[in-house]
>>> print(open('model14.txt').read())   # compact mmCIF, C-alpha atoms
# COMPACT_ATOMS: atom_id res chain seq x y z
CA MET A 446 -4.88 13.26 -23.55
CA LYS A 447 -3.95 10.57 -26.01
CA PRO A 448 -3.24 7.31 -24.19
CA THR A 449 -0.04 6.98 -26.19
CA ASP A 450 1.25 10.36 -24.99
CA LEU A 451 4.07 9.32 -22.64
CA ARG A 452 4.29 12.80 -21.15
CA GLY A 453 0.72 12.46 -19.94
CA ILE A 454 1.32 8.98 -18.58
CA LEU A 455 4.48 9.91 -16.68
CA GLN A 456 2.64 11.75 -13.90
CA TYR A 457 0.82 8.54 -12.95
CA ILE A 458 3.77 6.14 -12.93
CA PRO A 459 5.15 6.93 -9.43
CA ARG A 460 1.64 6.49 -8.01
CA PHE A 461 1.04 3.14 -9.73
CA ARG A 462 4.48 1.51 -9.79
CA GLU A 463 4.53 -1.85 -7.96
CA LYS A 464 0.82 -1.48 -7.18
CA THR A 465 -1.74 -4.13 -8.13
CA PHE A 466 -4.57 -3.75 -10.64
CA ILE A 467 -7.30 -6.37 -11.05
CA VAL A 468 -8.74 -6.45 -14.55
CA SER A 469 -12.04 -8.31 -14.80
CA ILE A 470 -13.12 -9.08 -18.38
CA ASP A 471 -16.56 -10.21 -19.48
CA GLY A 472 -16.60 -13.26 -21.73
CA ALA A 473 -18.21 -11.25 -24.53
CA ILE A 474 -15.13 -9.00 -24.59
CA VAL A 475 -12.63 -11.87 -24.75
CA THR A 476 -14.02 -12.86 -28.14
CA ASP A 477 -14.40 -9.27 -29.36
CA GLU A 478 -12.06 -8.02 -32.08
CA ASN A 479 -10.72 -5.33 -29.71
CA PHE A 480 -9.55 -7.87 -27.12
CA ALA A 481 -6.07 -8.04 -28.66
CA ASN A 482 -5.74 -4.30 -28.00
CA ILE A 483 -6.80 -4.78 -24.37
CA LEU A 484 -4.02 -7.33 -23.89
CA LEU A 485 -1.61 -4.89 -25.50
CA ASP A 486 -2.74 -2.32 -22.93
CA VAL A 487 -2.08 -4.90 -20.20
CA ALA A 488 1.43 -5.30 -21.61
CA VAL A 489 1.91 -1.54 -21.30
CA LEU A 490 0.83 -1.68 -17.65
CA ARG A 491 3.28 -4.49 -16.98
CA SER A 492 6.09 -2.55 -18.70
CA LEU A 493 5.48 0.20 -16.15
CA ASN A 494 5.93 -2.28 -13.27
CA ILE A 495 2.23 -2.39 -12.47
CA ARG A 496 1.21 -5.81 -11.17
CA VAL A 497 -1.83 -7.14 -13.04
CA ALA A 498 -4.13 -10.09 -12.36
CA LEU A 499 -6.85 -11.03 -14.84
CA VAL A 500 -10.27 -12.43 -14.00
CA HIS A 501 -12.68 -13.43 -16.74
CA GLY A 502 -16.33 -14.36 -17.12
CA ALA A 503 -17.92 -16.78 -19.55
CA SER A 504 -21.68 -16.08 -19.66
CA ALA A 505 -21.72 -15.09 -23.35
CA GLN A 506 -19.95 -18.31 -24.31
CA ILE A 507 -22.21 -20.44 -22.10
CA LYS A 508 -25.19 -18.94 -23.87
CA THR A 509 -23.68 -19.65 -27.31
CA LEU A 510 -22.76 -23.23 -26.41
CA ALA A 511 -26.25 -23.84 -25.04
CA GLU A 512 -27.79 -22.65 -28.30
CA GLU A 513 -25.44 -24.86 -30.33
CA GLN A 514 -26.27 -27.91 -28.22
CA LYS A 515 -29.96 -27.00 -28.02
CA VAL A 516 -30.07 -27.05 -24.22
CA THR A 517 -31.44 -24.49 -21.82
CA PRO A 518 -28.84 -23.22 -19.32
CA SER A 519 -30.12 -22.90 -15.77
CA ASP A 520 -27.89 -19.90 -15.12
CA LEU A 521 -25.52 -17.73 -17.13
CA ASP A 522 -23.53 -15.59 -14.71
CA GLY A 523 -22.83 -17.88 -11.78
CA SER A 524 -25.23 -16.25 -9.35
CA GLY A 525 -28.31 -18.45 -9.88
CA VAL A 526 -28.84 -22.20 -9.95
CA THR A 527 -26.22 -24.18 -11.87
CA ASP A 528 -27.39 -27.65 -12.85
CA ALA A 529 -25.07 -30.42 -14.07
CA GLU A 530 -25.61 -29.61 -17.77
CA THR A 531 -24.86 -25.91 -17.24
CA LEU A 532 -21.73 -26.77 -15.26
CA LYS A 533 -20.46 -28.76 -18.25
CA LEU A 534 -21.09 -25.75 -20.49
CA ALA A 535 -19.32 -23.48 -18.00
CA LEU A 536 -16.27 -25.76 -17.85
CA THR A 537 -16.00 -25.90 -21.63
CA ALA A 538 -16.51 -22.16 -22.07
CA ALA A 539 -14.18 -21.13 -19.25
CA ASN A 540 -11.37 -23.43 -20.37
CA ARG A 541 -11.58 -22.18 -23.95
CA LEU A 542 -11.52 -18.54 -22.83
CA THR A 543 -8.63 -19.08 -20.44
CA HIS A 544 -6.66 -20.65 -23.28
CA GLU A 545 -7.42 -17.69 -25.55
CA ILE A 546 -6.26 -15.26 -22.88
CA LEU A 547 -3.03 -17.21 -22.31
CA GLU A 548 -2.41 -17.22 -26.07
CA GLY A 549 -2.97 -13.46 -26.26
CA LEU A 550 -0.68 -12.74 -23.33
CA SER A 551 2.02 -14.94 -24.88
CA ALA A 552 1.71 -12.95 -28.11
CA ASN A 553 2.65 -9.87 -26.06
CA ASP A 554 5.65 -11.62 -24.45
CA LEU A 555 3.90 -11.79 -21.08
CA ARG A 556 4.26 -14.78 -18.80
CA ALA A 557 0.92 -15.96 -17.44
CA ALA A 558 -0.61 -18.88 -15.59
CA CYS A 559 -4.13 -20.18 -15.09
CA THR A 560 -4.84 -20.70 -11.39
CA ASN A 561 -7.11 -22.70 -9.13
CA ALA A 562 -6.86 -19.98 -6.50
CA ILE A 563 -10.59 -19.81 -5.70
CA ILE A 564 -11.47 -22.26 -2.94
CA ALA A 565 -15.25 -22.54 -3.01
CA HIS A 566 -18.07 -24.38 -1.32
CA PRO A 567 -21.64 -24.91 -2.54
CA MET A 568 -23.86 -21.87 -2.28
CA GLY A 569 -26.44 -24.29 -0.91
CA ILE A 570 -30.14 -23.71 -0.44
CA LEU A 571 -31.28 -20.11 -0.66
CA HIS A 572 -34.95 -19.15 -0.34
CA GLY A 573 -35.85 -22.82 -0.59
CA MET A 574 -33.88 -23.28 -3.83
CA ASP A 575 -30.88 -25.62 -4.05
CA HIS A 576 -28.24 -23.84 -6.14
CA LEU A 577 -26.56 -27.19 -6.93
CA PHE A 578 -23.21 -26.50 -8.62
CA THR A 579 -23.15 -22.75 -8.00
CA GLY A 580 -20.37 -21.94 -5.57
CA ARG A 581 -19.44 -19.19 -3.18
CA GLY A 582 -15.83 -18.24 -2.60
CA GLU A 583 -14.71 -19.58 0.78
CA ARG A 584 -11.15 -18.32 0.64
CA LEU A 585 -8.48 -17.31 -1.82
CA ASP A 586 -5.03 -18.82 -2.25
CA VAL A 587 -3.32 -15.47 -1.78
CA GLU A 588 0.12 -17.03 -1.47
CA LEU A 589 -0.19 -18.58 -4.93
CA LEU A 590 -1.29 -15.31 -6.54
CA GLN A 591 1.36 -13.25 -4.75
CA THR A 592 4.08 -15.71 -5.75
CA LEU A 593 3.07 -15.39 -9.39
CA LEU A 594 2.90 -11.60 -9.23
CA ASN A 595 6.29 -11.42 -7.49
CA GLN A 596 7.76 -13.46 -10.35
CA GLY A 597 6.30 -11.14 -12.98
CA VAL A 598 3.65 -13.67 -14.00
CA VAL A 599 0.09 -12.55 -14.80
CA PRO A 600 -2.40 -14.78 -12.92
CA VAL A 601 -5.49 -15.66 -14.94
CA VAL A 602 -8.45 -16.56 -12.74
CA PRO A 603 -11.44 -18.27 -14.40
CA PRO A 604 -15.01 -18.14 -13.00
CA LEU A 605 -14.58 -21.52 -11.37
CA GLY A 606 -14.04 -22.52 -7.75
CA PHE A 607 -12.69 -25.77 -6.33
CA ASP A 608 -13.31 -27.50 -3.02
CA GLY A 609 -11.10 -29.81 -0.99
CA ASP A 610 -12.57 -32.89 -2.66
CA GLY A 611 -11.66 -31.66 -6.14
CA LYS A 612 -15.20 -30.71 -7.09
CA THR A 613 -15.71 -27.72 -9.37
CA TYR A 614 -18.31 -25.01 -8.88
CA ARG A 615 -19.47 -22.17 -11.09
CA VAL A 616 -18.81 -18.80 -9.45
CA ASN A 617 -19.72 -15.26 -10.43
CA SER A 618 -16.73 -13.52 -12.03
CA ASP A 619 -17.69 -10.09 -10.67
CA SER A 620 -17.59 -11.57 -7.17
CA VAL A 621 -14.29 -13.33 -7.87
CA ALA A 622 -12.72 -10.07 -9.05
CA LEU A 623 -13.85 -8.37 -5.84
CA GLU A 624 -12.35 -11.15 -3.69
CA VAL A 625 -9.06 -11.07 -5.59
CA ALA A 626 -8.84 -7.27 -5.40
CA GLN A 627 -9.51 -7.24 -1.67
CA ALA A 628 -7.12 -10.09 -0.87
CA LEU A 629 -4.25 -8.66 -2.93
CA GLY A 630 -4.70 -5.10 -1.67
CA ALA A 631 -5.31 -3.83 -5.21
CA ILE A 632 -5.62 -0.08 -5.69
CA LYS A 633 -7.77 -0.53 -8.80
CA LEU A 634 -10.46 -2.97 -9.86
CA ILE A 635 -11.39 -2.54 -13.52
CA TYR A 636 -14.52 -4.18 -14.91
CA ILE A 637 -14.34 -4.42 -18.69
CA THR A 638 -17.76 -5.02 -20.19
CA THR A 639 -19.85 -4.31 -23.28
CA GLN A 640 -21.46 -1.23 -21.71
CA ASP A 641 -20.07 2.32 -21.59
CA GLY A 642 -20.38 2.44 -17.81
CA LEU A 643 -23.02 3.23 -15.22
CA VAL A 644 -25.91 5.11 -16.78
CA HIS A 645 -28.38 6.79 -14.42
CA GLN A 646 -31.38 8.82 -15.51
CA GLY A 647 -30.19 8.65 -19.10
CA GLN A 648 -26.71 9.99 -18.46
CA LEU A 649 -23.37 8.22 -18.23
CA ILE A 650 -21.85 8.91 -14.82
CA ARG A 651 -18.15 9.62 -15.20
CA GLN A 652 -17.16 9.77 -11.53
CA MET A 653 -19.02 9.21 -8.29
CA LEU A 654 -18.41 8.66 -4.61
CA VAL A 655 -19.28 5.19 -3.35
CA ALA A 656 -21.74 6.83 -0.94
CA ASP A 657 -23.66 8.23 -3.91
CA LEU A 658 -23.63 4.83 -5.61
CA ASP A 659 -24.93 3.26 -2.39
CA ALA A 660 -27.83 5.71 -2.43
CA ILE A 661 -28.74 4.74 -6.00
CA LEU A 662 -28.53 1.02 -5.20
CA ALA A 663 -30.65 1.49 -2.09
CA ASP A 664 -33.39 3.70 -3.53
CA HIS A 665 -33.24 3.44 -7.34
CA LYS A 666 -31.78 0.02 -8.13
CA GLU A 667 -34.42 -0.49 -10.81
CA GLU A 668 -32.94 2.45 -12.73
CA VAL A 669 -29.61 0.65 -13.19
CA SER A 670 -29.45 -1.55 -16.29
CA PRO A 671 -29.32 -5.32 -15.59
CA GLU A 672 -26.03 -5.55 -17.50
CA ILE A 673 -24.35 -3.16 -15.07
CA LEU A 674 -26.18 -3.87 -11.80
CA SER A 675 -23.83 -6.67 -10.73
CA LYS A 676 -20.78 -4.54 -11.50
CA ALA A 677 -22.23 -1.60 -9.59
CA SER A 678 -23.05 -3.73 -6.54
CA HIS A 679 -19.61 -5.31 -6.47
CA ALA A 680 -17.97 -1.93 -7.07
CA SER A 681 -19.66 -0.64 -3.94
CA ALA A 682 -18.55 -3.69 -1.96
CA ALA A 683 -15.00 -3.32 -3.26
CA CYS A 684 -14.74 0.32 -2.17
CA HIS A 685 -16.03 -0.57 1.28
CA ALA A 686 -13.48 -3.41 1.40
CA GLY A 687 -10.58 -1.01 0.88
CA VAL A 688 -10.16 -0.87 -2.91
CA GLN A 689 -9.59 2.81 -3.67
CA ARG A 690 -10.91 2.94 -7.23
CA VAL A 691 -13.30 0.79 -9.26
CA HIS A 692 -13.74 1.41 -12.99
CA ILE A 693 -16.47 0.16 -15.34
CA ILE A 694 -15.50 0.60 -18.98
CA ASN A 695 -16.47 -0.53 -22.47
CA GLY A 696 -13.97 -3.09 -23.74
CA ARG A 697 -14.84 -2.35 -27.35
CA VAL A 698 -13.18 1.07 -27.22
CA ASP A 699 -9.68 1.02 -28.69
CA GLU A 700 -7.02 1.96 -26.11
CA GLY A 701 -9.87 2.32 -23.61
CA LEU A 702 -8.01 0.68 -20.72
CA LEU A 703 -5.08 3.08 -20.97
CA ALA A 704 -7.38 6.05 -21.49
CA GLU A 705 -9.30 5.14 -18.32
CA VAL A 706 -6.23 4.61 -16.17
CA PHE A 707 -3.98 7.42 -17.42
CA SER A 708 -6.32 10.39 -17.78
CA ASN A 709 -8.58 12.44 -15.54
CA GLU A 710 -11.53 12.14 -17.90
CA GLY A 711 -11.43 8.39 -18.60
CA ILE A 712 -13.93 6.69 -20.89
CA GLY A 713 -16.29 4.98 -18.46
CA THR A 714 -17.44 5.23 -14.85
CA LEU A 715 -15.10 5.65 -11.88
CA ILE A 716 -16.42 4.81 -8.43
CA TYR A 717 -14.08 5.86 -5.66
CA ALA A 718 -13.87 5.17 -1.97
CA ASN A 719 -14.22 8.25 0.19
CA GLU A 720 -10.56 9.05 0.71
CA TYR A 721 -11.83 12.53 1.43
CA GLN A 722 -13.52 11.45 4.66
CA GLN A 723 -11.51 14.16 6.43
CA ILE A 724 -13.11 16.78 4.19
CA ARG A 725 -16.50 18.15 5.17
CA ARG A 726 -18.67 21.08 4.23
CA ALA A 727 -17.98 24.15 6.37
CA LEU A 728 -20.55 25.39 8.88
CA LYS A 729 -21.11 28.85 10.30
CA LYS A 730 -19.15 27.84 13.39
CA ASP A 731 -16.12 27.29 11.13
CA ILE A 732 -15.93 30.90 9.90
CA ARG A 733 -13.49 31.91 12.64
CA ALA A 734 -11.34 28.83 11.92
CA ILE A 735 -11.22 29.73 8.22
CA GLN A 736 -10.19 33.30 9.04
CA MET A 737 -7.53 32.14 11.50
CA LEU A 738 -6.21 29.52 9.08
CA THR A 739 -5.81 32.00 6.23
CA LYS A 740 -4.73 35.04 8.29
CA LYS A 741 -1.01 34.93 7.46
CA SER A 742 -1.66 34.14 3.83
CA VAL A 743 -4.01 37.13 3.61
CA GLU A 744 -1.38 39.34 5.26
CA SER A 745 1.20 38.25 2.69
CA GLU A 746 -1.36 38.98 -0.06
CA GLU A 747 -1.28 35.38 -1.22
CA LEU A 748 -5.02 35.12 -0.57
CA VAL A 749 -7.65 37.82 -0.93
CA ARG A 750 -9.08 39.24 2.30
CA ARG A 751 -12.54 37.90 3.13
CA THR A 752 -14.84 39.43 5.69
CA ARG A 753 -16.81 37.32 8.13
CA ALA A 754 -20.03 38.45 6.42
CA GLY A 755 -18.60 37.51 3.02
CA ILE A 756 -17.66 34.02 4.14
CA GLU A 757 -21.01 33.54 5.88
CA LYS A 758 -22.87 34.58 2.74
CA ASN A 759 -21.12 31.84 0.76
CA ILE A 760 -20.52 29.32 3.54
CA GLY A 761 -22.05 26.55 1.43
CA ASP A 762 -19.10 26.89 -0.98
CA PHE A 763 -16.44 26.23 1.68
CA TYR A 764 -14.94 22.91 2.79
CA ILE A 765 -12.73 22.05 5.76
CA PHE A 766 -10.00 19.42 5.95
CA GLU A 767 -9.83 17.98 9.47
CA ILE A 768 -7.28 15.90 11.32
CA ASP A 769 -8.51 14.65 14.69
CA LYS A 770 -11.42 17.06 14.26
CA ASN A 771 -9.04 20.03 14.01
CA PRO A 772 -9.30 22.18 10.85
CA VAL A 773 -5.91 22.21 9.13
CA ALA A 774 -6.87 23.31 5.62
CA CYS A 775 -9.72 24.76 3.60
CA VAL A 776 -10.95 25.31 0.07
CA ALA A 777 -13.95 26.88 -1.63
CA LEU A 778 -15.77 26.03 -4.84
CA HIS A 779 -17.80 28.91 -6.27
CA VAL A 780 -20.19 27.87 -9.03
CA TYR A 781 -21.30 29.89 -12.07
CA LEU A 782 -23.99 27.66 -13.52
CA GLU A 783 -24.97 29.89 -16.43
CA GLN A 784 -21.40 29.87 -17.71
CA ASN A 785 -20.94 26.17 -16.78
CA LYS A 786 -17.84 27.09 -14.78
CA GLY A 787 -16.57 26.71 -11.24
CA GLU A 788 -13.88 28.60 -9.35
CA LEU A 789 -11.51 26.90 -6.92
CA ALA A 790 -10.74 29.51 -4.27
CA CYS A 791 -9.38 30.05 -0.77
CA LEU A 792 -7.10 27.02 -0.92
CA TYR A 793 -4.90 27.01 2.16
CA VAL A 794 -3.02 24.41 4.21
CA ASN A 795 -1.63 25.09 7.66
CA PRO A 796 2.21 25.19 7.44
CA SER A 797 2.40 22.47 10.11
CA HIS A 798 0.67 20.10 7.67
CA GLU A 799 2.41 21.04 4.45
CA ASN A 800 4.05 18.43 2.19
CA GLN A 801 1.47 15.80 3.11
CA GLY A 802 -0.52 16.01 -0.11
CA ILE A 803 -3.43 17.81 1.57
CA GLY A 804 -3.46 20.66 -0.93
CA ARG A 805 -3.59 18.24 -3.84
CA LYS A 806 -6.41 16.29 -2.18
CA LEU A 807 -8.41 19.50 -1.79
CA ILE A 808 -7.86 20.37 -5.45
CA GLN A 809 -8.97 16.86 -6.47
CA PHE A 810 -11.96 17.11 -4.15
CA ALA A 811 -13.08 20.42 -5.65
CA GLU A 812 -12.54 19.06 -9.14
CA SER A 813 -14.61 15.95 -8.32
CA LYS A 814 -17.41 18.16 -7.01
CA ALA A 815 -17.29 20.28 -10.15
CA ARG A 816 -17.47 17.16 -12.33
CA GLU A 817 -20.41 15.83 -10.34
CA MET A 818 -22.21 19.10 -11.07
CA GLY A 819 -21.49 18.65 -14.77
CA LEU A 820 -19.35 21.77 -15.00
CA GLY A 821 -17.13 22.08 -18.04
CA GLU A 822 -14.37 24.26 -16.66
CA LEU A 823 -12.62 24.91 -13.37
CA LEU A 824 -10.93 28.27 -12.73
CA ALA A 825 -8.41 29.41 -10.15
CA LEU A 826 -6.93 32.86 -9.51
CA SER A 827 -3.51 33.14 -7.93
CA THR A 828 -0.82 35.77 -7.38
CA GLN A 829 1.88 33.54 -5.88
CA ALA A 830 0.88 29.87 -6.09
CA PHE A 831 0.07 29.60 -9.78
CA THR A 832 2.94 27.18 -10.45
CA TYR A 833 1.49 24.86 -7.79
CA PHE A 834 -1.88 24.80 -9.56
CA GLN A 835 -0.13 24.07 -12.85
CA SER A 836 2.16 21.30 -11.58
CA LYS A 837 -0.13 19.65 -9.00
CA GLY A 838 -3.57 20.38 -10.39
CA GLY A 839 -3.07 20.26 -14.14
CA PHE A 840 -4.22 23.87 -14.70
CA ALA A 841 -3.10 25.95 -17.67
CA GLU A 842 -2.68 29.71 -17.78
CA GLY A 843 -5.69 31.55 -19.16
CA THR A 844 -6.73 35.19 -19.42
CA PRO A 845 -9.27 37.41 -17.63
CA ASP A 846 -11.54 36.80 -20.62
CA ASP A 847 -12.05 33.26 -19.28
CA LEU A 848 -13.82 34.64 -16.20
CA PRO A 849 -17.61 34.94 -15.99
CA SER A 850 -18.66 38.57 -16.36
CA ALA A 851 -19.59 39.00 -12.68
CA ARG A 852 -16.27 37.51 -11.59
CA ARG A 853 -14.39 39.57 -14.18
CA GLU A 854 -15.79 42.74 -12.67
CA LYS A 855 -14.55 41.78 -9.18
CA TYR A 856 -11.21 40.82 -10.68
CA GLU A 857 -10.78 44.26 -12.23
CA GLN A 858 -11.86 46.05 -9.06
CA SER A 859 -9.43 44.15 -6.84
CA GLY A 860 -6.35 45.38 -8.68
CA ARG A 861 -4.48 42.21 -7.64
CA LYS A 862 -3.74 41.24 -11.26
CA SER A 863 -3.88 37.57 -10.33
CA LYS A 864 -3.00 34.99 -12.94
CA VAL A 865 -6.10 33.24 -14.28
CA LEU A 866 -5.72 29.47 -14.41
CA VAL A 867 -8.05 27.16 -16.31
CA LYS A 868 -8.69 23.43 -16.33
CA LYS A 869 -11.06 21.84 -18.84
CA LEU A 870 -13.27 19.19 -17.25
CA LYS A 871 -14.96 17.93 -20.41
CA SER A 872 -13.44 16.78 -23.65
>>> encode(input="model14.txt", output="structure tokens")
Amino acid sequence: MKPTDLRGILQYIPRFREKTFIVSIDGAIVTDENFANILLDVAVLRSLNIRVALVHGASAQIKTLAEEQKVTPSDLDGSGVTDAETLKLALTAANRLTHEILEGLSANDLRAACTNAIIAHPMGILHGMDHLFTGRGERLDVELLQTLLNQGVVPVVPPLGFDGDGKTYRVNSDSVALEVAQALGAIKLIYITTQDGLVHQGQLIRQMLVADLDAILADHKEEVSPEILSKASHASAACHAGVQRVHIINGRVDEGLLAEVFSNEGIGTLIYANEYQQIRRALKKDIRAIQMLTKKSVESEELVRRTRAGIEKNIGDFYIFEIDKNPVACVALHVYLEQNKGELACLYVNPSHENQGIGRKLIQFAESKAREMGLGELLALSTQAFTYFQSKGGFAEGTPDDLPSARREKYEQSGRKSKVLVKKLKS
């Protein structure tokens, strides 16, 4: 999807309208030639009634200033020791960047205001080391930020914190963005950096559950590049703090912000909180529940009949959606690795729980699983619900030729003449 394709964007607007996005921009991106396009993207978000707050870093500028003045900074990103000389550099760099951001927002007819919303105190002595002018966020002036957002003003939050005595402390911008996102109840936290996203074992991860990210950070932290490690750690913390989605994207990609927000594929890495906590892999003891759930749909020929032995043979493909530990819906994902395809099957929601978005969640869950496996295409076969897959799942009508040969043979034998639906998972 092209980011400028309004028809593609329209499906997201009801979900995002009047919601809050936190956009955290590395200092190196603020001075990049593509930054003007990022601010234009922010203007698009605001035009869609999405509330946006900006947080920015300044480490690249601190490093440049230090080189110009021939001094050695004690810390660049606000997480180590900040001596008096480095604090001066941070103040100069942050103030310049904030001014540039305000200028850019003004050029896009957006009202904006720099804030002193971070109330900080000294980080103090850690591991025997006095961190001097490095601060830790103590609290956030939420009322100030909400007032600005309610008035259609974009708050700009620099990587600086202030205490009750008027002292200034250097704070880590990734941490500030997390605090702002949590306090404002943001549904998205977007880290814009110079990297393409989270790369693990040589591959860019497009989407991942926060639980999977936690496992990497716990057991393979050394495999995450230093440039992304802070973002990854704060992304995990944000998801656990209630932020639904955290994105890490390359700010040097034209229209990258819109492409990340308004398409399934995105351009970087999406880390998402486990909104699917009610979905679990089916066990053998669930076979009867699956059969009972789908009984009426099988009788009406909406779903194909499955024997107990058939379900048991492929039980690892089935998932159950539970409410209060009661199965109310199910789905299956059959994988054809050689053809790089997956099949979404046996999707069913108990009539008593219809119109609650459960079916869509199950489709999204299966799609996420397929993406995690690196599959390029997701298939679905339907005799009666094909319009649902098209409108809610983004599937397009295909032909039996799209089916893997083994699945094509079963399709022909069944005589059901189901419509074949296809969704591309890779660009």
>>> closest_residue(input="model14.txt", among="A:Thr638, A:Ser678, A:Thr752, A:Gln723", to="A:Phe766", atoms="only C-alpha atoms")
A:Gln723
>>> atom_distance(input="model14.txt", atom1="atom CA of A:Val749", atom2="atom CA of A:Ser813")
24.1 Å
>>> axis_aligned_box(input="model14.txt", around="stretch 645-652 of chain A", padding_each_side="4 Å", output="lines of an AutoDock Vina configuration file")
center_x = -24.3
center_y = 8.4
center_z = -15.3
size_x = 22.2
size_y = 11.2
size_z = 15.6
>>> closest_residue(input="model14.txt", among="A:Leu789, A:Ala538, A:Val497, A:Ile546", to="A:Glu812", atoms="all atoms listed in the file")
A:Leu789
>>> atom_distance(input="model14.txt", atom1="atom CA of A:Ile765", atom2="atom CA of A:Arg725")
5.5 Å
>>> atom_distance(input="model14.txt", atom1="atom CA of A:His566", atom2="atom CA of A:Asp586")
14.2 Å
>>> residues_around(input="model14.txt", residues="stretch 502-510 of chain A", least_positions_apart="4", cutoff="10 Å", atoms="all atoms listed in the file", output="PyMOL selection string")
chain A and resi 469-476+514-518+520-523+531-543+602-605+616-619+621-622+638
>>> residues_around(input="model14.txt", residues="stretch 782-788 of chain A", least_positions_apart="2", cutoff="7 Å", atoms="all atoms listed in the file", output="number ranges by chain")
A: 778-780, 790, 815, 820-825, 849
>>> closest_residue(input="model14.txt", among="A:Leu577, A:Ala562, A:Ala663, A:Leu702", to="A:Thr527", atoms="only C-alpha atoms")
A:Leu577
>>> closest_residue(input="model14.txt", among="A:Tyr781, A:Tyr636, A:Gly838, A:Asp486", to="A:Gly804", atoms="only C-alpha atoms")
A:Gly838
>>> closest_residue(input="model14.txt", among="A:Thr844, A:Asn800, A:Asn695, A:Ser745", to="A:Gly642", atoms="only C-alpha atoms")
A:Asn695
>>> closest_residue(input="model14.txt", among="A:Ala754, A:Leu674, A:Val773, A:Val601", to="A:Leu738", atoms="all atoms listed in the file")
A:Val773
>>> residues_around(input="model14.txt", residues="A:Ala718", least_positions_apart="2", cutoff="8 Å", atoms="all atoms listed in the file", output="list in words")
Leu654, Val655, Cys684, His685, Gly687, Val688, Gln689, Arg690, Ile716 and Glu720 of chain A
>>> residues_around(input="model14.txt", residues="A:Ile635", least_positions_apart="2", cutoff="10 Å", atoms="only C-alpha atoms", output="list in words")
Phe466, Ile467, Val468, Ser469, Ile470, Leu499, Val500, Ala622, Leu623, Ala626, Lys633, Ile637, Thr638, Lys676, Ala680, Arg690, Val691, His692, Ile693, Ile694, Leu702, Glu705, Val706, Thr714 and Leu715 of chain A
>>> residues_near_point(input="model14.txt", point="(-1.0, 1.1, -7.9)", cutoff="9 Å", atoms="all atoms listed in the file", output="MDAnalysis selection string")
chainID A and resid 458:466 495:496 631:633
>>> write_last_selection(input="model14.txt", atoms="C-alpha atoms", output="mmCIF file, in the coordinates of the input")
data_model
loop_
_atom_site.group_PDB
_atom_site.id
_atom_site.type_symbol
_atom_site.label_atom_id
_atom_site.label_comp_id
_atom_site.auth_asym_id
_atom_site.auth_seq_id
_atom_site.Cartn_x
_atom_site.Cartn_y
_atom_site.Cartn_z
ATOM 1 C CA ILE A 458 3.770 6.140 -12.930
ATOM 2 C CA PRO A 459 5.150 6.930 -9.430
ATOM 3 C CA ARG A 460 1.640 6.490 -8.010
ATOM 4 C CA PHE A 461 1.040 3.140 -9.730
ATOM 5 C CA ARG A 462 4.480 1.510 -9.790
ATOM 6 C CA GLU A 463 4.530 -1.850 -7.960
ATOM 7 C CA LYS A 464 0.820 -1.480 -7.180
ATOM 8 C CA THR A 465 -1.740 -4.130 -8.130
ATOM 9 C CA PHE A 466 -4.570 -3.750 -10.640
ATOM 10 C CA ILE A 495 2.230 -2.390 -12.470
ATOM 11 C CA ARG A 496 1.210 -5.810 -11.170
ATOM 12 C CA ALA A 631 -5.310 -3.830 -5.210
ATOM 13 C CA ILE A 632 -5.620 -0.080 -5.690
ATOM 14 C CA LYS A 633 -7.770 -0.530 -8.800
#
>>> decode(input="model14.txt", residues="stretch 476-487 of chain A", atoms="C-alpha atoms", output="mmCIF file, in the first residue's frame")
data_model
loop_
_atom_site.group_PDB
_atom_site.id
_atom_site.type_symbol
_atom_site.label_atom_id
_atom_site.label_comp_id
_atom_site.auth_asym_id
_atom_site.auth_seq_id
_atom_site.Cartn_x
_atom_site.Cartn_y
_atom_site.Cartn_z
ATOM 1 C CA THR A 476 19.116 17.104 11.366
ATOM 2 C CA ASP A 477 18.611 14.570 8.555
ATOM 3 C CA GLU A 478 17.324 15.810 5.202
ATOM 4 C CA ASN A 479 14.242 13.571 5.547
ATOM 5 C CA PHE A 480 13.135 15.200 8.807
ATOM 6 C CA ALA A 481 10.925 17.696 6.966
ATOM 7 C CA ASN A 482 9.001 14.746 5.524
ATOM 8 C CA ILE A 483 8.566 13.248 9.003
ATOM 9 C CA LEU A 484 6.993 16.489 10.209
ATOM 10 C CA LEU A 485 4.744 16.440 7.145
ATOM 11 C CA ASP A 486 3.683 12.933 8.182
ATOM 12 C CA VAL A 487 2.956 14.281 11.671
#
